[in-house]
Amino acid sequence: MHKPFEIIQVGLGPMGKIITSLLLKRQNILLRGVVDINPQLIDKKLSDLVDCDKDIDLIIESDLNAVLSREKADVVIIATSSSVEKIFPTIEKVVKSGIHVISICEELPYPFQYQAELSKKIDILAKDNNVTVVGTGINPGYLMDLLPIVLTAPLQSVNSIKVTRMMNSAKRRVPFQKKIGTGLSVSEFHRKINEKEITGHVGLTQSIQMIVTALGLKYDEIIELPPKEIITTKDFTTSYGETVQEGYVCRLQSKALAKKQEKEVITLDFVAYAGEHEEYDSISIEGIPSIEQKIRGGVHGDLGTSAMVANLIPKVITARPGLLTMKDLPVPCNTENIWKT
Ligand SMILES: NC(=O)c1ccc[n+]([C@@H]2O[C@H](COP(=O)([O-])OP(=O)(O)OC[C@H]3O[C@@H](n4cnc5c(N)ncnc54)[C@H](OP(=O)(O)O)[C@@H]3O)[C@@H](O)[C@H]2O)c1
């Protein structure tokens, strides 16, 4: 018999809203609860806040424990923070309730080196409770790690991999535009970088670690360069209606490398650029034979991330227990027509 997957969403910021509205559109998914600690969201009706054409009675709650003890769920989706340390208490509660976790936390797709102790703790907790925990998204989680890994399959040998994301940040959600410093003066940009208010893109090192582990590539060091700003030469207006004047920051570049004997074995180049320009995601693999792949127009980061999450639900349920990565799961694909049996 066809049964829907039952889901609880934690975190209803701009990304949580995009994910939730996709979950509500899917026939094979039943949203059981939504949790967020933001006082402006608590007790509001979900259908008043997200793109939804169904009449549903879900109310946003602040107490995850109450929702977990009341609702039966297969998977909890966590969209609250980029930091594994910050989301750990939420993961712990969910896993101890015997429920699988999918999170878009940027550090979770490959936390084993950066957060070694915490990763071990999550892995043991997940195994003890017979559930799977996985971090996903478009980047990290797919475009700059899983996709290049899969593209190496028909190559006899691999010498180096270069991945470039060239995206128009002016089309992205407001927290993303702020995170990359759009509209700041150069001095303010540097101050925010130094004070870690602006991080640049989070997750490049984790993506490199996933690739080198999957391919068994040898390297001497992984280097993540400090985010670099570029200033605009003409005024433009962002999607949140603010004008960025000539001379202010319009572009951020985050770059990470894995080097062996001074040669770049892996290069990940992330460029978020507000303004009119070509958008694409490209992967060049030098090897036997060498191959080039280019996604013209690029993958939409926010829509893509919501789809990655929804599509992963059936995969996570059948995966082995533990803290897994995207390379450990069955081949990801669209799962809107897959049901719980
Ligand atoms: N992997 C990827 O490809 C990918 C793609 C897009 C986004 N992301 C990441 O996903 C996260 C969510 O994105 P966003 O733009 O929606 O972020 P956001 O604007 O920071 O929204 C997060 C929401 O979660 C709430 N929250 C924080 N801690 C919570 C907790 N312990 N329990 C319940 N709710 C909690 C926040 O409330 P308060 O405002 O009161 O704190 C806020 O409403 C960010 O860290 C973002 O960087 C990853």
# chains A, B, ... in the order shown; residues from 1 in each chain; ligands from 1
>>> residues_around(residues="Gln9 of chain A", least_positions_apart="4", cutoff="7 Å", atoms="only C-alpha atoms", output="ChimeraX atom specification")
/A:33-35,76-78
>>> write_last_selection(atoms="C-alpha atoms", output="compact mmCIF listing (two decimals), in the first residue's frame")
# COMPACT_ATOMS: atom_id res chain seq x y z
CA GLY A 33 5.14 19.49 12.50
CA VAL A 34 7.17 22.69 12.11
CA VAL A 35 9.45 24.06 14.82
CA VAL A 76 13.39 15.47 10.81
CA ILE A 77 14.80 18.16 8.51
CA ILE A 78 17.09 20.68 10.23
>>> select_by_dssp(residues="segment 173-301 of chain A", states="strand (DSSP E)", output="PyMOL selection string")
chain A and resi 221-224+228-231+236-237+243-244+249-260+263-273+280-288+291-296
>>> residues_near_ligand(ligand="ligand 1", cutoff="6 Å", atoms="only C-alpha atoms and all ligand atoms", output="list of chain:residue names")
A:Val10, A:Gly11, A:Leu12, A:Gly13, A:Pro14, A:Met15, A:Gly16, A:Val35, A:Asp36, A:Ile37, A:Asn38, A:Ala79, A:Thr80, A:Ser81, A:Ser82, A:Ile104, A:Cys105, A:Glu106, A:Thr136, A:Gly137, A:Ile138, A:Asn139, A:Pro140, A:Pro175, A:Asp302, A:Thr305
>>> write_last_selection(atoms="C-alpha atoms", output="short mmCIF file (atom, residue, chain, number, x, y, z; two decimals), in the first residue's frame")
data_model
loop_
_atom_site.label_atom_id
_atom_site.label_comp_id
_atom_site.auth_asym_id
_atom_site.auth_seq_id
_atom_site.Cartn_x
_atom_site.Cartn_y
_atom_site.Cartn_z
CA VAL A 10 13.02 22.42 12.25
CA GLY A 11 13.97 25.96 11.18
CA LEU A 12 11.64 28.17 9.18
CA GLY A 13 13.97 30.92 7.97
CA PRO A 14 13.99 31.71 4.23
CA MET A 15 15.49 28.27 3.43
CA GLY A 16 13.14 26.42 5.79
CA VAL A 35 9.45 24.06 14.82
CA ASP A 36 11.23 27.42 15.03
CA ILE A 37 12.45 29.48 17.99
CA ASN A 38 11.98 32.89 16.33
CA ALA A 79 17.57 24.09 8.55
CA THR A 80 18.75 26.27 11.41
CA SER A 81 22.50 26.93 11.21
CA SER A 82 25.74 26.39 9.24
CA ILE A 104 21.36 21.58 5.23
CA CYS A 105 23.97 22.69 7.80
CA GLU A 106 26.98 23.43 5.54
CA THR A 136 23.13 17.72 2.15
CA GLY A 137 22.45 20.70 -0.06
CA ILE A 138 23.57 21.96 -3.42
CA ASN A 139 26.90 23.22 -2.24
CA PRO A 140 28.19 21.47 -0.20
CA PRO A 175 20.54 36.19 4.29
CA ASP A 302 17.96 27.51 -2.91
CA THR A 305 18.82 22.58 -1.93
#
>>> residues_around(residues="segment 324-330 of chain A", least_positions_apart="3", cutoff="7 Å", atoms="only C-alpha atoms", output="ChimeraX atom specification")
/A:109-110,132-136,141,146,315,319
>>> select_by_dssp(residues="segment 118-177 of chain A", states="alpha helix (DSSP H)", output="list in words")
Leu118, Ser119, Lys120, Lys121, Ile122, Asp123, Ile124, Leu125, Ala126, Lys127, Asp128, Leu146, Leu147, Pro148, Ile149, Val150, Leu151, Val174, Pro175, Phe176 and Gln177 of chain A
>>> write_last_selection(atoms="C-alpha atoms", output="compact mmCIF listing (two decimals), in the first residue's frame")
# COMPACT_ATOMS: atom_id res chain seq x y z
CA LEU A 118 31.47 15.64 17.46
CA SER A 119 31.31 13.53 14.29
CA LYS A 120 32.23 10.42 16.27
CA LYS A 121 29.59 11.29 18.85
CA ILE A 122 26.88 11.76 16.18
CA ASP A 123 27.91 8.54 14.43
CA ILE A 124 27.73 6.49 17.66
CA LEU A 125 24.42 8.09 18.68
CA ALA A 126 22.94 7.35 15.24
CA LYS A 127 24.14 3.73 15.26
CA ASP A 128 22.89 3.17 18.83
CA LEU A 146 29.17 14.46 -5.23
CA LEU A 147 28.86 15.48 -8.90
CA PRO A 148 32.64 15.62 -9.59
CA ILE A 149 33.01 12.29 -7.71
CA VAL A 150 30.39 10.63 -9.96
CA LEU A 151 31.90 12.21 -13.10
CA VAL A 174 18.48 38.03 1.58
CA PRO A 175 20.54 36.19 4.29
CA PHE A 176 22.76 34.82 1.50
CA GLN A 177 23.32 38.27 -0.02
